[in-house]
Amino acid sequence: MSVTTRSVAIVTLGCTRNDVDSEELAGRLSAEGWTLVDDAAEADVAVVNTCGFIEQAKKDSIDAILEANDLREHGRTQKVVAVGCLAERYGKELADELPEADAVLGFDSYTDMSAHLRAVLDGHAPEAHTPGDRRKLLPISPVERDAAEVALPGHNTASDLPRTRLADAPWAPLKIASGCDRRCAFCAIPTFRGAFVSRRPNDVVAEGRWLASQGVRELFLVSENSTSYGKDLGDLDLLEQLLPELVAIEGIERVRVSYLQPAEIRPGLLRAMAATPGVVPWYDISFQHASGPLLRRMRRFGDTDSFLELIRGVRERQPEAGIRSNVILGFPGETEEDVAELERFLIQARLDVVGVFGYSDEDGTEGELLDDKVDPDVIAERVDRLTRLVEELTAQRAEERIGETVTVLVEEVDEESGEVVGRAAHQGPDVDGVTLLTGDVEGFEVGALVVAEVVGTEGTDLVAEVRA
């Protein structure tokens with residue numbers, strides 16, 4: 001008996017790790033006979049891959065579910081299904097409060113997603129799962145985790161690569177690990193993503209080769225904490241060994257490492273990143289603040305002086321390196337002295353990009369239970385003040401690059417205007433600014449690597465003239 005072909009659109013919110021999970025879901029569904037479409041209005045089922053990180057991300061995810069639900073009135077859409085971090089984190093609670101979602105499915109549902117979606121279309125949606133602390137699903141000892149049977153989205157094996165690309169950019173995220181063993185007082189991610197688990201190197205390399213076969217030129221290594229890679233496999237130097245294998249893949253010109261935890265950064269890793277041709281001079285370091293006492297309250301380590309020393313070490317090896325980070329304002333107990341210390345750090349650090357966020361309580365975190373809450377109006381004022389400072393500092397940092405020679409990966413070519421836009425090696429995807437190429441740009445295609453000289457800036461964006 002023939003099976004009616006159904007169509008599905010996957011709407012992705014949140015980080016690049018979610019992008020990987022969506023492409024794995026797309027691959028699984030395509031293999032099961034589903035037709036993948038870009039527009040949710042043209043799909044029988046809209047699958048919304050949600051983000052559950054911070055309050056704004058949750059709101060954006062709920063808005064996306066509501067928007068997909070509205071398509072029932074004037075589109076093909078029959079059903080809306082919520083997956084991803086928000087669905088995993090809240091499960092039945094989300095289902096009860098958001099009847100617009102026909103089903104709320106957690107990570108354990110991903111391998112059987114086709115069957116679940118067909119059941120939803122037939123009016124037999126599975127029950128929303130009951131959330132739990134996913135850290136408890138794995139052994140406490142990292143070295144015992146490899147044998148555990150736990151759903152890990154994006155951890156397909158070398159013999160099972162169901163991923164289907166949902167974008168045509170010349171770069172792609174490549175997941176090297178999931179979860180986190182740290183206990184930062186403001187972060188709930190480990191409770192719904194679980195304890196830290198590395199992917200096997202051969203699986204990472206196999207997926208890197210597959211991405212290269214799809215036209216990818218830059219591999220963007222993603223995880224919750226890349227500096228922990230290999231600890232559960234018994235080798236903390238595994239990332240240093242993996243990098244040369246990835247850059248050796250035919251067709252791959254760049255490898256970019258994301259999310260370095262400052263408390264775990266090892267000199268050997270920094271040396272390997274600087275010494276391995278093809279690994280770009282880009283350091284995504286999660287400082288979060290610079291006041292030592294406040295960082296301890298956050299259950300983190302470091303302070304202004306130790307962070308500045310780390311940055312000096314990076315720039316001694318690679319003066320052209322791009323360094324980015326995020327900071328949180330308004331964590332419980334934060335004083336004006338703490339903010340002044342953060343300002344001192346930012347002024348001296350000369351970071352290329354800084355994300356500034358206001359603190360909000362997250363369910364199930366230690367921060368939620370702390371006293372000395374900072375008034376929301378004070379948080380908003382501090383965020384505004386630091387944002388303006390960061391905009392000035394990062395614009396100055398960009399101006400320091402005038403006269404620098406950069407190699408730009410072309411990402412957009414506007415055939416009508418002739419405008420060509422890409423990213424220099426020190427610019428990360430999506431959030432770190434871009435480089436506008438000028439001069440003789442005729443004939444350039446997406447995916448080309450172009451050498452140019454920086455001649456101007458627009459905020460953190462660069463303007464670079466192509467060399468003759």
# chains A, B, ... in the order shown; residues from 1 in each chain; ligands from 1
$ closest_atom_pairs --of "segment 349-372 of chain A" --to "segment 376-386 of chain A" --cutoff "8 Å" --atoms "only C-alpha atoms" --output "Markdown table"
| residue | atom | partner | partner_atom | distance |
| --- | --- | --- | --- | --- |
| A:Val356 | CA | A:Val383 | CA | 6.5 |
| A:Phe357 | CA | A:Val383 | CA | 6.6 |
| A:Gly358 | CA | A:Val383 | CA | 6.0 |
| A:Tyr359 | CA | A:Ile379 | CA | 7.4 |
$ write_last_selection --atoms "N, CA and C atoms" --output "CSV table (one decimal), in the first residue's frame"
chain,number,residue,atom,x,y,z
A,356,VAL,N,26.0,42.2,25.0
A,356,VAL,CA,25.7,42.8,26.4
A,356,VAL,C,24.3,42.3,26.7
A,357,PHE,N,24.1,41.6,27.8
A,357,PHE,CA,22.8,41.1,28.2
A,357,PHE,C,22.4,41.5,29.6
A,358,GLY,N,21.1,41.7,29.8
A,358,GLY,CA,20.6,42.0,31.1
A,358,GLY,C,20.2,40.7,31.8
A,359,TYR,N,20.6,40.5,33.1
A,359,TYR,CA,20.2,39.3,33.8
A,359,TYR,C,18.7,39.2,34.0
$ select_by_dssp --residues "segment 119-233 of chain A" --states "alpha helix (DSSP H)" --output "list in words"
Ala119, Val120, Leu121, Ile189, Pro190, Thr191, Phe192, Arg193, Pro201, Asn202, Asp203, Val204, Val205, Ala206, Glu207, Gly208, Arg209, Trp210, Leu211, Ala212 and Ser213 of chain A
$ residues_around --residues "segment 198-213 of chain A" --least-positions-apart "6" --cutoff "9 Å" --atoms "only C-alpha atoms" --output "PDB file with N, CA and C atoms, in the first residue's frame"
ATOM      1  N   ASP A 146      30.187   7.288  27.578  1.00  0.00           N
ATOM      2  CA  ASP A 146      30.160   6.889  26.176  1.00  0.00           C
ATOM      3  C   ASP A 146      29.243   5.699  25.938  1.00  0.00           C
ATOM      4  N   HIS A 155      24.362  14.096  17.170  1.00  0.00           N
ATOM      5  CA  HIS A 155      25.486  13.187  17.434  1.00  0.00           C
ATOM      6  C   HIS A 155      25.408  11.950  16.558  1.00  0.00           C
ATOM      7  N   ASN A 156      24.973  12.085  15.322  1.00  0.00           N
ATOM      8  CA  ASN A 156      24.919  10.924  14.459  1.00  0.00           C
ATOM      9  C   ASN A 156      26.314  10.346  14.250  1.00  0.00           C
ATOM     10  N   THR A 157      26.373   9.079  13.905  1.00  0.00           N
ATOM     11  CA  THR A 157      27.656   8.387  13.778  1.00  0.00           C
ATOM     12  C   THR A 157      28.159   8.434  12.341  1.00  0.00           C
ATOM     13  N   ALA A 158      29.399   8.007  12.166  1.00  0.00           N
ATOM     14  CA  ALA A 158      30.022   8.024  10.835  1.00  0.00           C
ATOM     15  C   ALA A 158      29.266   7.145   9.849  1.00  0.00           C
ATOM     16  N   SER A 159      28.597   6.096  10.350  1.00  0.00           N
ATOM     17  CA  SER A 159      27.858   5.189   9.464  1.00  0.00           C
ATOM     18  C   SER A 159      26.407   5.607   9.277  1.00  0.00           C
ATOM     19  N   LEU A 161      24.591   9.205   8.643  1.00  0.00           N
ATOM     20  CA  LEU A 161      24.624  10.655   8.487  1.00  0.00           C
ATOM     21  C   LEU A 161      23.326  11.138   7.840  1.00  0.00           C
ATOM     22  N   ARG A 163      21.858  13.959   7.999  1.00  0.00           N
ATOM     23  CA  ARG A 163      21.713  15.405   7.932  1.00  0.00           C
ATOM     24  C   ARG A 163      21.407  15.887   6.512  1.00  0.00           C
ATOM     25  N   ARG A 165      21.114  19.652   4.522  1.00  0.00           N
ATOM     26  CA  ARG A 165      21.347  21.088   4.697  1.00  0.00           C
ATOM     27  C   ARG A 165      20.076  21.878   4.399  1.00  0.00           C
ATOM     28  N   TRP A 171      29.507  28.224   4.724  1.00  0.00           N
ATOM     29  CA  TRP A 171      29.964  27.747   6.033  1.00  0.00           C
ATOM     30  C   TRP A 171      28.839  26.935   6.661  1.00  0.00           C
ATOM     31  N   ALA A 172      29.201  26.084   7.601  1.00  0.00           N
ATOM     32  CA  ALA A 172      28.174  25.291   8.271  1.00  0.00           C
ATOM     33  C   ALA A 172      28.640  24.932   9.678  1.00  0.00           C
ATOM     34  N   LEU A 174      29.212  22.527  12.800  1.00  0.00           N
ATOM     35  CA  LEU A 174      29.527  21.106  12.961  1.00  0.00           C
ATOM     36  C   LEU A 174      29.630  20.837  14.459  1.00  0.00           C
ATOM     37  N   LYS A 175      28.715  20.034  14.971  1.00  0.00           N
ATOM     38  CA  LYS A 175      28.654  19.808  16.417  1.00  0.00           C
ATOM     39  C   LYS A 175      29.745  18.835  16.851  1.00  0.00           C
ATOM     40  N   ILE A 176      30.543  19.244  17.853  1.00  0.00           N
ATOM     41  CA  ILE A 176      31.587  18.364  18.374  1.00  0.00           C
ATOM     42  C   ILE A 176      31.237  17.802  19.754  1.00  0.00           C
ATOM     43  N   ALA A 177      30.237  18.381  20.416  1.00  0.00           N
ATOM     44  CA  ALA A 177      29.844  17.918  21.745  1.00  0.00           C
ATOM     45  C   ALA A 177      28.487  18.503  22.096  1.00  0.00           C
ATOM     46  N   SER A 178      27.888  17.939  23.141  1.00  0.00           N
ATOM     47  CA  SER A 178      26.633  18.468  23.680  1.00  0.00           C
ATOM     48  C   SER A 178      26.712  18.488  25.199  1.00  0.00           C
ATOM     49  N   GLY A 179      25.908  19.386  25.793  1.00  0.00           N
ATOM     50  CA  GLY A 179      25.806  19.422  27.242  1.00  0.00           C
ATOM     51  C   GLY A 179      26.945  20.158  27.917  1.00  0.00           C
ATOM     52  N   LEU A 219      34.166  25.200   8.313  1.00  0.00           N
ATOM     53  CA  LEU A 219      33.521  24.423   9.361  1.00  0.00           C
ATOM     54  C   LEU A 219      33.515  25.228  10.650  1.00  0.00           C
ATOM     55  N   SER A 223      29.455  23.718  20.246  1.00  0.00           N
ATOM     56  CA  SER A 223      29.144  22.899  21.425  1.00  0.00           C
ATOM     57  C   SER A 223      28.739  23.862  22.529  1.00  0.00           C
ATOM     58  N   SER A 228      36.038  21.546  26.868  1.00  0.00           N
ATOM     59  CA  SER A 228      35.910  20.259  27.562  1.00  0.00           C
ATOM     60  C   SER A 228      36.035  19.074  26.605  1.00  0.00           C
ATOM     61  N   TYR A 229      36.143  19.356  25.296  1.00  0.00           N
ATOM     62  CA  TYR A 229      36.114  18.273  24.326  1.00  0.00           C
ATOM     63  C   TYR A 229      37.186  17.229  24.627  1.00  0.00           C
ATOM     64  N   GLY A 230      36.772  15.976  24.654  1.00  0.00           N
ATOM     65  CA  GLY A 230      37.681  14.851  24.847  1.00  0.00           C
ATOM     66  C   GLY A 230      37.813  14.369  26.270  1.00  0.00           C
ATOM     67  N   LYS A 231      37.352  15.146  27.255  1.00  0.00           N
ATOM     68  CA  LYS A 231      37.566  14.727  28.645  1.00  0.00           C
ATOM     69  C   LYS A 231      36.839  13.424  28.958  1.00  0.00           C
ATOM     70  N   ASP A 232      35.649  13.228  28.361  1.00  0.00           N
ATOM     71  CA  ASP A 232      34.891  12.006  28.594  1.00  0.00           C
ATOM     72  C   ASP A 232      35.400  10.845  27.746  1.00  0.00           C
ATOM     73  N   LEU A 233      36.287  11.144  26.799  1.00  0.00           N
ATOM     74  CA  LEU A 233      36.917  10.104  25.984  1.00  0.00           C
ATOM     75  C   LEU A 233      38.327   9.794  26.471  1.00  0.00           C
ATOM     76  N   LEU A 238      42.357  16.097  22.794  1.00  0.00           N
ATOM     77  CA  LEU A 238      41.750  15.561  21.582  1.00  0.00           C
ATOM     78  C   LEU A 238      41.392  16.644  20.568  1.00  0.00           C
ATOM     79  N   LEU A 239      41.006  17.826  21.040  1.00  0.00           N
ATOM     80  CA  LEU A 239      40.666  18.892  20.099  1.00  0.00           C
ATOM     81  C   LEU A 239      41.902  19.340  19.330  1.00  0.00           C
ATOM     82  N   LEU A 242      42.283  16.887  16.677  1.00  0.00           N
ATOM     83  CA  LEU A 242      41.204  16.893  15.703  1.00  0.00           C
ATOM     84  C   LEU A 242      41.352  18.011  14.680  1.00  0.00           C
ATOM     85  N   GLU A 245      43.084  17.296  11.351  1.00  0.00           N
ATOM     86  CA  GLU A 245      42.308  16.375  10.516  1.00  0.00           C
ATOM     87  C   GLU A 245      41.195  17.113   9.777  1.00  0.00           C
ATOM     88  N   LEU A 246      40.591  18.073  10.451  1.00  0.00           N
ATOM     89  CA  LEU A 246      39.489  18.810   9.824  1.00  0.00           C
ATOM     90  C   LEU A 246      39.990  19.741   8.729  1.00  0.00           C
ATOM     91  N   ILE A 249      40.675  18.170   5.284  1.00  0.00           N
ATOM     92  CA  ILE A 249      39.586  17.688   4.428  1.00  0.00           C
ATOM     93  C   ILE A 249      39.586  18.475   3.118  1.00  0.00           C
ATOM     94  N   GLU A 250      39.536  17.746   2.008  1.00  0.00           N
ATOM     95  CA  GLU A 250      39.535  18.402   0.702  1.00  0.00           C
ATOM     96  C   GLU A 250      38.315  19.312   0.564  1.00  0.00           C
ATOM     97  N   GLY A 251      38.555  20.552   0.178  1.00  0.00           N
ATOM     98  CA  GLY A 251      37.482  21.518   0.016  1.00  0.00           C
ATOM     99  C   GLY A 251      37.297  22.443   1.205  1.00  0.00           C
ATOM    100  N   ILE A 252      37.798  22.043   2.363  1.00  0.00           N
ATOM    101  CA  ILE A 252      37.678  22.876   3.568  1.00  0.00           C
ATOM    102  C   ILE A 252      38.860  23.835   3.630  1.00  0.00           C
TER     103      ILE A 252
END
$ closest_atom_pairs --of "segment 99-189 of chain A" --to "segment 444-463 of chain A" --cutoff "10 Å" --atoms "only C-alpha atoms" --output "JSON lines"
{"residue": "A:Asp168", "atom": "CA", "partner": "A:Val446", "partner_atom": "CA", "distance": 9.4}
{"residue": "A:Ala169", "atom": "CA", "partner": "A:Val446", "partner_atom": "CA", "distance": 7.9}
{"residue": "A:Pro170", "atom": "CA", "partner": "A:Gly447", "partner_atom": "CA", "distance": 5.1}
{"residue": "A:Trp171", "atom": "CA", "partner": "A:Gly447", "partner_atom": "CA", "distance": 8.4}
$ write_last_selection --atoms "N, CA and C atoms" --output "PDB file, in the first residue's frame"
ATOM      1  N   ASP A 168      22.271  27.410   2.260  1.00  0.00           N
ATOM      2  CA  ASP A 168      23.257  27.252   1.185  1.00  0.00           C
ATOM      3  C   ASP A 168      24.488  28.119   1.402  1.00  0.00           C
ATOM      4  N   ALA A 169      24.711  28.543   2.644  1.00  0.00           N
ATOM      5  CA  ALA A 169      25.885  29.357   2.950  1.00  0.00           C
ATOM      6  C   ALA A 169      27.154  28.533   2.763  1.00  0.00           C
ATOM      7  N   PRO A 170      28.295  29.184   2.489  1.00  0.00           N
ATOM      8  CA  PRO A 170      29.545  28.450   2.301  1.00  0.00           C
ATOM      9  C   PRO A 170      30.203  28.032   3.620  1.00  0.00           C
ATOM     10  N   TRP A 171      29.507  28.224   4.724  1.00  0.00           N
ATOM     11  CA  TRP A 171      29.964  27.747   6.033  1.00  0.00           C
ATOM     12  C   TRP A 171      28.839  26.935   6.661  1.00  0.00           C
TER      13      TRP A 171
END
$ residues_around --residues "Phe301 of chain A" --least-positions-apart "2" --cutoff "9 Å" --atoms "only C-alpha atoms" --output "list of chain:residue names"
A:Pro262, A:Ala263, A:Gly292, A:Leu295, A:Arg296, A:Met298, A:Arg299, A:Asp303
$ write_last_selection --atoms "all heavy atoms" --output "CSV table (one decimal), in the first residue's frame"
chain,number,residue,atom,x,y,z
A,262,PRO,N,36.9,30.2,29.7
A,262,PRO,CA,38.2,30.7,30.1
A,262,PRO,C,38.8,29.9,31.2
A,262,PRO,O,40.0,29.7,31.3
A,262,PRO,CB,37.9,32.2,30.6
A,262,PRO,CG,36.4,32.2,30.7
A,262,PRO,CD,35.8,31.2,29.8
A,263,ALA,N,38.0,29.3,32.1
A,263,ALA,CA,38.5,28.5,33.2
A,263,ALA,C,39.2,27.2,32.7
A,263,ALA,O,39.9,26.6,33.5
A,263,ALA,CB,37.5,28.2,34.2
A,292,GLY,N,36.0,39.8,39.9
A,292,GLY,CA,36.3,38.5,40.5
A,292,GLY,C,35.2,38.1,41.6
A,292,GLY,O,34.7,37.0,41.5
A,295,LEU,N,32.0,37.1,39.8
A,295,LEU,CA,32.2,35.9,39.1
A,295,LEU,C,32.1,34.7,40.0
A,295,LEU,O,31.5,33.7,39.6
A,295,LEU,CB,33.5,35.9,38.3
A,295,LEU,CG,33.5,36.7,37.0
A,295,LEU,CD1,34.9,37.0,36.5
A,295,LEU,CD2,32.6,36.1,35.9
A,296,ARG,N,32.7,34.8,41.2
A,296,ARG,CA,32.6,33.7,42.2
A,296,ARG,C,31.1,33.5,42.5
A,296,ARG,O,30.7,32.3,42.6
A,296,ARG,CB,33.4,34.0,43.4
A,296,ARG,CG,34.8,34.3,43.3
A,296,ARG,CD,35.6,33.2,42.6
A,296,ARG,NE,37.0,33.8,42.3
A,296,ARG,CZ,37.3,34.5,41.3
A,296,ARG,NH1,36.4,34.8,40.4
A,296,ARG,NH2,38.6,34.9,41.1
A,298,MET,N,28.7,34.0,40.6
A,298,MET,CA,28.1,33.3,39.4
A,298,MET,C,28.5,31.9,39.3
A,298,MET,O,28.1,31.2,38.4
A,298,MET,CB,28.5,34.1,38.2
A,298,MET,CG,27.9,35.4,38.0
A,298,MET,SD,28.6,36.2,36.4
A,298,MET,CE,27.5,37.5,36.1
A,299,ARG,N,29.4,31.4,40.2
A,299,ARG,CA,30.0,30.1,40.1
A,299,ARG,C,31.0,30.0,38.9
A,299,ARG,O,31.0,29.0,38.2
A,299,ARG,CB,29.0,29.0,40.1
A,299,ARG,CG,28.0,28.9,41.2
A,299,ARG,CD,28.8,28.7,42.6
A,299,ARG,NE,27.8,28.6,43.7
A,299,ARG,CZ,28.2,28.8,44.9
A,299,ARG,NH1,29.5,29.2,45.2
A,299,ARG,NH2,27.3,28.7,45.9
A,303,ASP,N,39.2,37.0,36.7
A,303,ASP,CA,39.0,38.4,37.0
A,303,ASP,C,39.6,39.2,35.9
A,303,ASP,O,40.2,38.7,34.9
A,303,ASP,CB,39.6,38.8,38.4
A,303,ASP,CG,41.0,38.4,38.5
A,303,ASP,OD1,41.8,38.3,37.5
A,303,ASP,OD2,41.5,38.1,39.6
$ closest_residue --among "A:Asp414, A:Asp371, A:Asp112, A:Asp181" --to "Ser141 of chain A" --atoms "only C-alpha atoms"
A:Asp181
$ decode --residues "segment 287-311 of chain A" --atoms "N, CA and C atoms" --output "PDB file, in the first residue's frame"
ATOM      1  N   PHE A 287      33.596  35.241  28.795  1.00  0.00           N
ATOM      2  CA  PHE A 287      34.016  35.888  30.046  1.00  0.00           C
ATOM      3  C   PHE A 287      32.836  36.122  30.988  1.00  0.00           C
ATOM      4  N   GLN A 288      31.715  36.641  30.502  1.00  0.00           N
ATOM      5  CA  GLN A 288      30.480  36.925  31.240  1.00  0.00           C
ATOM      6  C   GLN A 288      30.555  38.119  32.187  1.00  0.00           C
ATOM      7  N   HIS A 289      31.700  38.364  32.795  1.00  0.00           N
ATOM      8  CA  HIS A 289      31.906  39.547  33.629  1.00  0.00           C
ATOM      9  C   HIS A 289      33.408  39.643  33.869  1.00  0.00           C
ATOM     10  N   ALA A 290      33.837  40.630  34.651  1.00  0.00           N
ATOM     11  CA  ALA A 290      35.274  40.749  34.947  1.00  0.00           C
ATOM     12  C   ALA A 290      35.543  41.002  36.424  1.00  0.00           C
ATOM     13  N   SER A 291      34.494  41.218  37.210  1.00  0.00           N
ATOM     14  CA  SER A 291      34.667  41.405  38.648  1.00  0.00           C
ATOM     15  C   SER A 291      34.850  40.046  39.312  1.00  0.00           C
ATOM     16  N   GLY A 292      36.014  39.830  39.922  1.00  0.00           N
ATOM     17  CA  GLY A 292      36.307  38.541  40.547  1.00  0.00           C
ATOM     18  C   GLY A 292      35.250  38.106  41.556  1.00  0.00           C
ATOM     19  N   PRO A 293      34.889  38.951  42.531  1.00  0.00           N
ATOM     20  CA  PRO A 293      33.887  38.540  43.522  1.00  0.00           C
ATOM     21  C   PRO A 293      32.542  38.191  42.885  1.00  0.00           C
ATOM     22  N   LEU A 294      32.115  38.963  41.903  1.00  0.00           N
ATOM     23  CA  LEU A 294      30.829  38.665  41.277  1.00  0.00           C
ATOM     24  C   LEU A 294      30.901  37.379  40.469  1.00  0.00           C
ATOM     25  N   LEU A 295      32.020  37.145  39.799  1.00  0.00           N
ATOM     26  CA  LEU A 295      32.180  35.893  39.061  1.00  0.00           C
ATOM     27  C   LEU A 295      32.105  34.690  39.994  1.00  0.00           C
ATOM     28  N   ARG A 296      32.679  34.799  41.208  1.00  0.00           N
ATOM     29  CA  ARG A 296      32.568  33.687  42.162  1.00  0.00           C
ATOM     30  C   ARG A 296      31.103  33.461  42.519  1.00  0.00           C
ATOM     31  N   ARG A 297      30.353  34.542  42.681  1.00  0.00           N
ATOM     32  CA  ARG A 297      28.928  34.414  42.995  1.00  0.00           C
ATOM     33  C   ARG A 297      28.181  33.749  41.834  1.00  0.00           C
ATOM     34  N   MET A 298      28.664  33.987  40.620  1.00  0.00           N
ATOM     35  CA  MET A 298      28.095  33.334  39.435  1.00  0.00           C
ATOM     36  C   MET A 298      28.542  31.875  39.302  1.00  0.00           C
ATOM     37  N   ARG A 299      29.403  31.410  40.200  1.00  0.00           N
ATOM     38  CA  ARG A 299      30.022  30.084  40.126  1.00  0.00           C
ATOM     39  C   ARG A 299      30.954  29.971  38.934  1.00  0.00           C
ATOM     40  N   ARG A 300      31.709  31.060  38.701  1.00  0.00           N
ATOM     41  CA  ARG A 300      32.701  31.075  37.647  1.00  0.00           C
ATOM     42  C   ARG A 300      34.033  31.545  38.225  1.00  0.00           C
ATOM     43  N   PHE A 301      35.057  31.578  37.375  1.00  0.00           N
ATOM     44  CA  PHE A 301      36.395  31.915  37.827  1.00  0.00           C
ATOM     45  C   PHE A 301      36.969  33.041  36.971  1.00  0.00           C
ATOM     46  N   GLY A 302      38.049  33.641  37.485  1.00  0.00           N
ATOM     47  CA  GLY A 302      38.744  34.668  36.730  1.00  0.00           C
ATOM     48  C   GLY A 302      38.468  36.064  37.244  1.00  0.00           C
ATOM     49  N   ASP A 303      39.168  37.018  36.658  1.00  0.00           N
ATOM     50  CA  ASP A 303      38.986  38.423  36.988  1.00  0.00           C
ATOM     51  C   ASP A 303      39.647  39.244  35.882  1.00  0.00           C
ATOM     52  N   THR A 304      39.604  40.556  36.013  1.00  0.00           N
ATOM     53  CA  THR A 304      40.135  41.432  34.973  1.00  0.00           C
ATOM     54  C   THR A 304      41.572  41.089  34.613  1.00  0.00           C
ATOM     55  N   ASP A 305      42.438  40.981  35.615  1.00  0.00           N
ATOM     56  CA  ASP A 305      43.860  40.785  35.328  1.00  0.00           C
ATOM     57  C   ASP A 305      44.138  39.453  34.652  1.00  0.00           C
ATOM     58  N   SER A 306      43.501  38.382  35.132  1.00  0.00           N
ATOM     59  CA  SER A 306      43.744  37.074  34.511  1.00  0.00           C
ATOM     60  C   SER A 306      43.188  37.024  33.092  1.00  0.00           C
ATOM     61  N   PHE A 307      42.055  37.673  32.870  1.00  0.00           N
ATOM     62  CA  PHE A 307      41.483  37.702  31.520  1.00  0.00           C
ATOM     63  C   PHE A 307      42.357  38.515  30.570  1.00  0.00           C
ATOM     64  N   LEU A 308      42.887  39.640  31.047  1.00  0.00           N
ATOM     65  CA  LEU A 308      43.764  40.457  30.201  1.00  0.00           C
ATOM     66  C   LEU A 308      45.045  39.705  29.862  1.00  0.00           C
ATOM     67  N   GLU A 309      45.535  38.918  30.807  1.00  0.00           N
ATOM     68  CA  GLU A 309      46.736  38.117  30.543  1.00  0.00           C
ATOM     69  C   GLU A 309      46.451  37.067  29.480  1.00  0.00           C
ATOM     70  N   LEU A 310      45.270  36.450  29.533  1.00  0.00           N
ATOM     71  CA  LEU A 310      44.870  35.476  28.519  1.00  0.00           C
ATOM     72  C   LEU A 310      44.817  36.128  27.144  1.00  0.00           C
ATOM     73  N   ILE A 311      44.228  37.312  27.074  1.00  0.00           N
ATOM     74  CA  ILE A 311      44.120  38.029  25.801  1.00  0.00           C
ATOM     75  C   ILE A 311      45.498  38.413  25.278  1.00  0.00           C
TER      76      ILE A 311
END
